[in-house]
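Structure file my_file35.tsv with TSV, C-alpha atoms:
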chain	number	residue	atom	x	y	z
A	1	MET	CA	-67.19	97.12	88.21
A	2	LYS	CA	-69.40	100.06	89.19
A	3	HIS	CA	-70.49	100.50	85.53
A	4	PHE	CA	-70.87	96.81	84.69
A	5	LEU	CA	-74.27	96.06	86.23
A	6	PRO	CA	-76.09	99.13	84.85
A	7	PHE	CA	-74.63	98.47	81.38
A	8	THR	CA	-75.72	94.82	81.49
A	9	PHE	CA	-79.22	95.72	82.62
A	10	PHE	CA	-79.87	98.32	79.95
A	11	ALA	CA	-78.32	96.12	77.27
A	12	VAL	CA	-80.90	93.48	78.14
A	13	LEU	CA	-83.62	96.15	78.00
A	14	ALA	CA	-82.55	97.00	74.48
A	15	VAL	CA	-82.74	93.48	73.06
A	16	ALA	CA	-85.49	91.82	75.08
A	17	PRO	CA	-88.57	93.27	73.31
A	18	ALA	CA	-87.27	92.12	69.94
A	19	ALA	CA	-86.61	88.64	71.30
A	20	PHE	CA	-90.03	88.01	72.83
A	21	ALA	CA	-93.36	88.91	71.21
A	22	GLN	CA	-95.24	89.63	74.45
A	23	LYS	CA	-96.57	92.62	76.35
A	24	TRP	CA	-93.92	94.37	78.44
A	25	GLU	CA	-93.67	96.89	81.26
A	26	VAL	CA	-90.74	99.27	81.80
A	27	GLY	CA	-90.56	101.25	85.03
A	28	VAL	CA	-88.50	103.41	87.34
A	29	GLY	CA	-88.91	104.05	91.05
A	30	GLY	CA	-87.26	105.07	94.26
A	31	GLY	CA	-87.59	104.97	98.02
A	32	GLY	CA	-85.79	104.16	101.26
A	33	SER	CA	-83.66	101.22	102.40
A	34	PHE	CA	-83.43	99.94	105.98
A	35	TYR	CA	-80.83	97.34	106.95
A	36	THR	CA	-80.71	94.91	109.84
A	37	ALA	CA	-77.40	94.47	111.69
A	38	GLN	CA	-75.13	91.53	112.47
A	39	SER	CA	-72.95	91.35	115.57
A	40	VAL	CA	-69.16	91.21	115.16
A	41	THR	CA	-67.60	89.71	118.30
A	42	ASN	CA	-64.18	89.00	119.77
A	43	VAL	CA	-62.60	88.80	123.25
A	44	LEU	CA	-62.36	92.61	123.39
A	45	GLY	CA	-66.07	93.22	122.82
A	46	ASN	CA	-68.67	93.34	120.10
A	47	ALA	CA	-70.16	95.81	117.63
A	48	ASP	CA	-73.26	95.94	115.45
A	49	ALA	CA	-72.31	96.02	111.76
A	50	LYS	CA	-74.68	97.07	108.97
A	51	LEU	CA	-75.34	99.58	106.26
A	52	ALA	CA	-77.03	102.74	107.45
A	53	ASN	CA	-80.52	103.68	106.27
A	54	GLY	CA	-80.29	105.20	102.81
A	55	TYR	CA	-82.10	105.61	99.52
A	56	ILE	CA	-82.67	103.37	96.52
A	57	VAL	CA	-83.41	103.99	92.84
A	58	SER	CA	-84.58	101.15	90.66
A	59	ALA	CA	-85.41	100.28	87.05
A	60	TRP	CA	-87.13	97.17	85.74
A	61	LEU	CA	-88.37	95.34	82.67
A	62	GLY	CA	-91.43	93.19	83.33
A	63	ASN	CA	-93.34	90.61	81.31
A	64	ASN	CA	-97.08	91.32	81.66
A	65	SER	CA	-98.67	88.71	79.46
A	66	GLY	CA	-101.93	88.75	81.43
A	67	LYS	CA	-101.31	85.37	83.05
A	68	THR	CA	-100.99	84.71	86.76
A	69	LEU	CA	-97.23	84.18	86.67
A	70	GLY	CA	-94.98	86.84	85.15
A	71	GLY	CA	-91.46	88.09	85.68
A	72	GLU	CA	-89.27	91.16	86.08
A	73	LEU	CA	-85.61	91.88	85.46
A	74	ARG	CA	-84.55	94.63	87.86
A	75	TYR	CA	-81.53	96.86	88.52
A	76	ASP	CA	-81.17	98.62	91.90
A	77	TYR	CA	-78.75	101.30	93.08
A	78	GLU	CA	-78.57	102.09	96.80
A	79	GLN	CA	-76.66	104.83	98.60
A	80	SER	CA	-76.09	103.55	102.15
A	81	ASP	CA	-73.02	104.15	104.33
A	82	LEU	CA	-71.22	101.34	106.13
A	83	LYS	CA	-71.75	101.55	109.88
A	84	LEU	CA	-70.28	100.09	113.09
A	85	SER	CA	-71.62	100.87	116.55
A	86	SER	CA	-70.86	99.70	120.07
A	87	GLY	CA	-72.17	101.48	123.15
A	88	GLY	CA	-71.60	105.19	122.59
A	89	THR	CA	-68.93	104.66	119.91
A	90	SER	CA	-69.65	104.48	116.21
A	91	ALA	CA	-67.87	104.57	112.86
A	92	SER	CA	-69.22	105.23	109.39
A	93	PHE	CA	-67.80	104.99	105.88
A	94	GLY	CA	-69.25	106.03	102.52
A	95	ALA	CA	-70.67	103.20	100.46
A	96	HIS	CA	-73.16	102.19	97.81
A	97	THR	CA	-74.51	98.98	96.30
A	98	ASN	CA	-75.52	97.81	92.83
A	99	ALA	CA	-77.79	94.82	92.29
A	100	ILE	CA	-79.34	92.98	89.38
A	101	HIS	CA	-81.89	90.22	89.84
A	102	TYR	CA	-84.78	88.42	88.20
A	103	ASP	CA	-88.04	88.02	90.13
A	104	PHE	CA	-91.00	85.77	89.38
A	105	VAL	CA	-94.21	87.74	89.89
A	106	LEU	CA	-97.50	86.23	91.07
A	107	ASN	CA	-100.37	88.47	89.96
A	108	PHE	CA	-103.70	88.37	91.78
A	109	ASN	CA	-105.60	90.13	89.01
A	110	ARG	CA	-105.03	88.54	85.61
A	111	SER	CA	-106.32	91.38	83.45
A	112	ASN	CA	-103.78	93.75	81.93
A	113	GLU	CA	-106.44	96.47	82.11
A	114	ALA	CA	-107.19	96.06	85.86
A	115	ARG	CA	-107.36	99.29	87.85
A	116	VAL	CA	-105.84	97.69	90.97
A	117	ALA	CA	-103.49	94.71	90.76
A	118	PRO	CA	-101.80	93.26	93.90
A	119	PHE	CA	-98.73	91.09	93.36
A	120	LEU	CA	-96.08	89.03	95.13
A	121	ALA	CA	-92.50	88.66	93.88
A	122	ALA	CA	-89.56	86.39	94.62
A	123	GLY	CA	-86.26	85.83	92.85
A	124	ALA	CA	-82.49	85.92	92.97
A	125	GLY	CA	-79.45	87.67	91.55
A	126	VAL	CA	-76.23	89.36	92.67
A	127	LYS	CA	-75.40	92.44	94.71
A	128	VAL	CA	-72.14	94.40	94.71
A	129	TYR	CA	-71.14	96.19	97.93
A	130	THR	CA	-68.66	99.04	97.41
A	131	GLY	CA	-66.95	101.10	100.11
A	132	THR	CA	-66.25	104.63	98.86
A	133	GLY	CA	-65.18	106.52	101.99
A	134	LYS	CA	-61.87	108.16	102.75
A	135	GLU	CA	-59.44	105.84	104.50
A	136	GLN	CA	-57.86	107.16	107.71
A	137	ALA	CA	-54.96	106.12	109.89
A	138	PHE	CA	-57.34	105.42	112.79
A	139	GLN	CA	-60.90	104.18	112.62
A	140	PRO	CA	-63.09	103.78	115.73
A	141	LEU	CA	-63.79	100.14	116.65
A	142	SER	CA	-61.04	98.90	114.31
A	143	ASN	CA	-60.09	96.38	117.01
A	144	ILE	CA	-63.41	94.67	116.22
A	145	ALA	CA	-63.94	95.35	112.50
A	146	LEU	CA	-62.72	97.64	109.75
A	147	LEU	CA	-64.81	99.49	107.18
A	148	THR	CA	-62.90	99.25	103.90
A	149	LYS	CA	-62.66	100.90	100.49
A	150	THR	CA	-63.19	97.80	98.39
A	151	SER	CA	-65.90	95.94	96.45
A	152	GLU	CA	-67.48	92.56	97.03
A	153	ILE	CA	-70.05	90.52	95.09
A	154	LYS	CA	-72.64	88.52	97.00
A	155	PRO	CA	-75.57	86.34	95.91
A	156	LEU	CA	-78.93	88.00	96.52
A	157	VAL	CA	-82.38	86.66	97.39
A	158	SER	CA	-85.34	88.96	96.75
A	159	VAL	CA	-88.85	88.62	98.23
A	160	GLY	CA	-91.68	91.13	98.45
A	161	GLY	CA	-94.91	92.41	97.01
A	162	GLY	CA	-97.00	95.44	96.29
A	163	VAL	CA	-99.90	96.93	94.38
A	164	LYS	CA	-100.11	98.40	90.87
A	165	PHE	CA	-102.63	101.15	90.14
A	166	ARG	CA	-103.51	101.87	86.51
A	167	VAL	CA	-103.63	105.65	86.02
A	168	ALA	CA	-103.83	105.66	82.20
A	169	SER	CA	-104.13	103.13	79.39
A	170	ALA	CA	-100.37	102.50	79.34
A	171	VAL	CA	-99.26	103.98	82.69
A	172	GLN	CA	-99.19	102.39	86.15
A	173	PHE	CA	-98.31	103.77	89.57
A	174	ARG	CA	-96.99	101.13	91.94
A	175	VAL	CA	-96.01	100.85	95.58
A	176	GLU	CA	-94.07	97.90	96.94
A	177	VAL	CA	-91.94	96.56	99.74
A	178	ARG	CA	-88.99	94.22	99.27
A	179	ASP	CA	-86.55	92.31	101.43
A	180	TYR	CA	-83.14	91.89	99.77
A	181	LEU	CA	-81.02	89.31	101.59
A	182	THR	CA	-77.30	88.61	101.09
A	183	PRO	CA	-74.56	86.86	103.06
A	184	PHE	CA	-72.63	89.31	105.24
A	185	PRO	CA	-69.98	91.19	103.14
A	186	LYS	CA	-66.85	90.28	105.12
A	187	ASN	CA	-64.43	92.06	102.79
A	188	VAL	CA	-66.20	95.42	102.83
A	189	ILE	CA	-66.93	95.21	106.59
A	190	ALA	CA	-63.83	93.22	107.53
A	191	PRO	CA	-63.73	91.52	110.96
A	192	ALA	CA	-60.48	92.15	112.83
A	193	LEU	CA	-58.14	89.27	113.61
A	194	GLY	CA	-59.95	87.01	116.07
A	195	SER	CA	-63.39	88.52	115.38
A	196	LYS	CA	-66.33	86.48	114.21
A	197	VAL	CA	-69.44	87.42	112.26
A	198	GLY	CA	-71.97	85.34	110.43
A	199	GLY	CA	-75.46	85.33	109.06
A	200	TRP	CA	-77.11	87.41	106.38
A	201	LEU	CA	-77.87	91.10	105.99
A	202	SER	CA	-81.52	91.92	105.42
A	203	ASP	CA	-82.27	95.07	103.43
A	204	PHE	CA	-85.91	96.15	103.74
A	205	VAL	CA	-86.91	98.51	100.95
A	206	ALA	CA	-90.07	100.59	100.49
A	207	MET	CA	-90.51	102.04	96.98
A	208	ALA	CA	-92.95	103.85	94.72
A	209	GLY	CA	-92.64	104.24	90.97
A	210	LEU	CA	-94.17	104.63	87.55
A	211	SER	CA	-94.22	102.04	84.79
A	212	PHE	CA	-95.23	102.05	81.14
A	213	THR	CA	-96.64	99.12	79.19
A	214	PHE	CA	-96.10	98.40	75.50

For the structure just supplied, provide its representation as structure tokens.
Amino acid sequence: MKHFLPFTFFAVLAVAPAAFAQKWEVGVGGGGSFYTAQSVTNVLGNADAKLANGYIVSAWLGNNSGKTLGGELRYDYEQSDLKLSSGGTSASFGAHTNAIHYDFVLNFNRSNEARVAPFLAAGAGVKVYTGTGKEQAFQPLSNIALLTKTSEIKPLVSVGGGVKFRVASAVQFRVEVRDYLTPFPKNVIAPALGSKVGGWLSDFVAMAGLSFTF
């Protein structure tokens, strides 16, 4: 599973330019990820469950035809540990995520040669949460929830925006912020018997990167 999404993404990269006679953008970037928490509750107490702040690396293939509406196929890898906290007690567990999604891009400067080009993006895809930590006989707060060494696929909604800066005829520097939302991964962060958790996890991402047009 951990190799499936990257393989799929780069396979699409390989065949897409031949399939569509349009102008394209390929880019890579990186930055930080910052998750919101959901509360896991039972009669014994409650704990905040989330992924800890981490880092993200990303690659994308974008259609830049010069029109207002474009699109990007994107692959994201995040290194972010699972985390539980309640009062002065906390537990953490190694983890990472893989995501692939397609975003529609609304460009506010239609020219492919524009020096500064703001944009908004929104789309959907899937995200795979994977616990990678070392399992132990006792885990703090296990009476509320358990951080597990397993994988779980969740649907993903992506919204955000940013600005592209043209630094050369075929090179752009871009900065952007994204919010990646998924339903709470109840298998990877497993509520204990009698515990309840709901809602969605929000993953705020700030990134910078370079892209190349062809």

What is the atom CA of A:Leu193-atom CA of A:Tyr129 distance in Å, reported with one decimal?
21.5 Å

So that each row is one residue of stretch 15-96 of chain A with an atom at most 6 Å from stretch 201-211 of chain A, can you give its shortest atom pair and the distance in Å to one decimal, using only C-alpha atoms, rows by chain and rising number, as JSON lines?
{"residue": "A:Val26", "atom": "CA", "partner": "A:Ser211", "partner_atom": "CA", "distance": 5.4}
{"residue": "A:Gly27", "atom": "CA", "partner": "A:Ser211", "partner_atom": "CA", "distance": 3.8}
{"residue": "A:Val28", "atom": "CA", "partner": "A:Gly209", "partner_atom": "CA", "distance": 5.6}
{"residue": "A:Gly29", "atom": "CA", "partner": "A:Gly209", "partner_atom": "CA", "distance": 3.7}
{"residue": "A:Gly30", "atom": "CA", "partner": "A:Met207", "partner_atom": "CA", "distance": 5.2}
{"residue": "A:Gly31", "atom": "CA", "partner": "A:Met207", "partner_atom": "CA", "distance": 4.3}
{"residue": "A:Gly32", "atom": "CA", "partner": "A:Ala206", "partner_atom": "CA", "distance": 5.6}
{"residue": "A:Ser33", "atom": "CA", "partner": "A:Val205", "partner_atom": "CA", "distance": 4.5}
{"residue": "A:Phe34", "atom": "CA", "partner": "A:Phe204", "partner_atom": "CA", "distance": 5.1}
{"residue": "A:Tyr35", "atom": "CA", "partner": "A:Asp203", "partner_atom": "CA", "distance": 4.4}
{"residue": "A:Thr36", "atom": "CA", "partner": "A:Ser202", "partner_atom": "CA", "distance": 5.4}

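The coordinates place atom CA of A:Val57 at 18.2 Å from atom CA of A:Thr132.
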
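Distance annotation: of A:Gln38, A:Asn53, A:Asn63, A:Asn98, the residue with the minimal separation from A:Lys154 is A:Asn98; atom set is all atoms listed in the file.
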
Grab the atom CA of A:Phe214 to atom CA of A:Val159 distance for me, in Å with one decimal place.
25.8 Å

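Considering the residues A:Ala52, A:Ala124, A:Ile100, A:Val177 and counting only C-alpha atoms, A:Gln79 has its shortest atom-to-atom contact with A:Ala52.
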
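Among the candidate residues A:Phe108, A:Phe93, A:Trp24, A:Trp200, the one lying nearest to A:Gly62 is A:Trp24, with distances computed using all atoms listed in the file.
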
Any chance you could model N, CA and C atoms for stretch 57-91 of chain A and send them as a short mmCIF file (atom, residue, chain, number, x, y, z; two decimals), keeping the file's coordinate frame?
data_model
loop_
_atom_site.label_atom_id
_atom_site.label_comp_id
_atom_site.auth_asym_id
_atom_site.auth_seq_id
_atom_site.Cartn_x
_atom_site.Cartn_y
_atom_site.Cartn_z
N VAL A 57 -82.76 103.73 94.13
CA VAL A 57 -83.41 103.99 92.84
C VAL A 57 -83.37 102.69 92.05
N SER A 58 -84.41 102.46 91.29
CA SER A 58 -84.58 101.15 90.66
C SER A 58 -85.17 101.30 89.27
N ALA A 59 -84.83 100.35 88.39
CA ALA A 59 -85.41 100.28 87.05
C ALA A 59 -85.69 98.82 86.73
N TRP A 60 -86.77 98.56 86.00
CA TRP A 60 -87.13 97.17 85.74
C TRP A 60 -87.78 97.01 84.38
N LEU A 61 -87.68 95.79 83.88
CA LEU A 61 -88.37 95.34 82.67
C LEU A 61 -89.21 94.15 83.07
N GLY A 62 -90.53 94.26 82.91
CA GLY A 62 -91.43 93.19 83.33
C GLY A 62 -92.22 92.61 82.18
N ASN A 63 -92.49 91.31 82.26
CA ASN A 63 -93.34 90.61 81.31
C ASN A 63 -94.76 90.58 81.87
N ASN A 64 -95.69 91.29 81.23
CA ASN A 64 -97.08 91.32 81.66
C ASN A 64 -97.96 90.70 80.57
N SER A 65 -97.93 89.41 80.51
CA SER A 65 -98.67 88.71 79.46
C SER A 65 -100.14 88.54 79.80
N GLY A 66 -100.55 88.91 81.02
CA GLY A 66 -101.93 88.75 81.43
C GLY A 66 -102.18 87.46 82.20
N LYS A 67 -101.17 86.61 82.31
CA LYS A 67 -101.31 85.37 83.05
C LYS A 67 -100.96 85.58 84.52
N THR A 68 -101.22 84.58 85.33
CA THR A 68 -100.99 84.71 86.76
C THR A 68 -99.52 84.88 87.07
N LEU A 69 -98.66 84.13 86.40
CA LEU A 69 -97.23 84.18 86.67
C LEU A 69 -96.52 85.00 85.61
N GLY A 70 -95.80 86.03 86.05
CA GLY A 70 -94.98 86.84 85.15
C GLY A 70 -93.57 86.93 85.68
N GLY A 71 -92.83 87.94 85.22
CA GLY A 71 -91.46 88.09 85.68
C GLY A 71 -90.94 89.49 85.45
N GLU A 72 -89.89 89.85 86.20
CA GLU A 72 -89.27 91.16 86.08
C GLU A 72 -87.76 91.03 86.21
N LEU A 73 -87.04 91.69 85.33
CA LEU A 73 -85.61 91.88 85.46
C LEU A 73 -85.39 93.27 86.03
N ARG A 74 -84.63 93.36 87.13
CA ARG A 74 -84.55 94.63 87.86
C ARG A 74 -83.10 94.99 88.17
N TYR A 75 -82.81 96.31 88.07
CA TYR A 75 -81.53 96.86 88.52
C TYR A 75 -81.81 97.85 89.64
N ASP A 76 -81.03 97.74 90.74
CA ASP A 76 -81.17 98.62 91.90
C ASP A 76 -79.84 99.27 92.25
N TYR A 77 -79.90 100.57 92.53
CA TYR A 77 -78.75 101.30 93.08
C TYR A 77 -79.15 101.84 94.44
N GLU A 78 -78.31 101.59 95.46
CA GLU A 78 -78.57 102.09 96.80
C GLU A 78 -77.38 102.90 97.30
N GLN A 79 -77.67 104.03 97.92
CA GLN A 79 -76.66 104.83 98.60
C GLN A 79 -76.87 104.62 100.09
N SER A 80 -75.97 103.88 100.73
CA SER A 80 -76.09 103.55 102.15
C SER A 80 -74.69 103.40 102.73
N ASP A 81 -74.35 104.19 103.74
CA ASP A 81 -73.02 104.15 104.33
C ASP A 81 -72.83 102.89 105.17
N LEU A 82 -71.58 102.40 105.20
CA LEU A 82 -71.22 101.34 106.13
C LEU A 82 -71.24 101.89 107.54
N LYS A 83 -71.62 101.06 108.52
CA LYS A 83 -71.75 101.55 109.88
C LYS A 83 -71.38 100.49 110.90
N LEU A 84 -70.59 100.89 111.91
CA LEU A 84 -70.28 100.09 113.09
C LEU A 84 -70.70 100.87 114.33
N SER A 85 -71.26 100.18 115.31
CA SER A 85 -71.62 100.87 116.55
C SER A 85 -71.49 99.91 117.73
N SER A 86 -71.00 100.46 118.84
CA SER A 86 -70.86 99.70 120.07
C SER A 86 -70.94 100.68 121.24
N GLY A 87 -71.98 100.54 122.05
CA GLY A 87 -72.17 101.48 123.15
C GLY A 87 -72.35 102.89 122.60
N GLY A 88 -71.53 103.81 123.08
CA GLY A 88 -71.60 105.19 122.59
C GLY A 88 -70.62 105.48 121.48
N THR A 89 -69.93 104.48 120.96
CA THR A 89 -68.93 104.66 119.91
C THR A 89 -69.47 104.16 118.57
N SER A 90 -69.19 104.91 117.53
CA SER A 90 -69.65 104.48 116.21
C SER A 90 -68.64 104.89 115.14
N ALA A 91 -68.70 104.24 114.01
CA ALA A 91 -67.87 104.57 112.86
C ALA A 91 -68.72 104.43 111.61
#
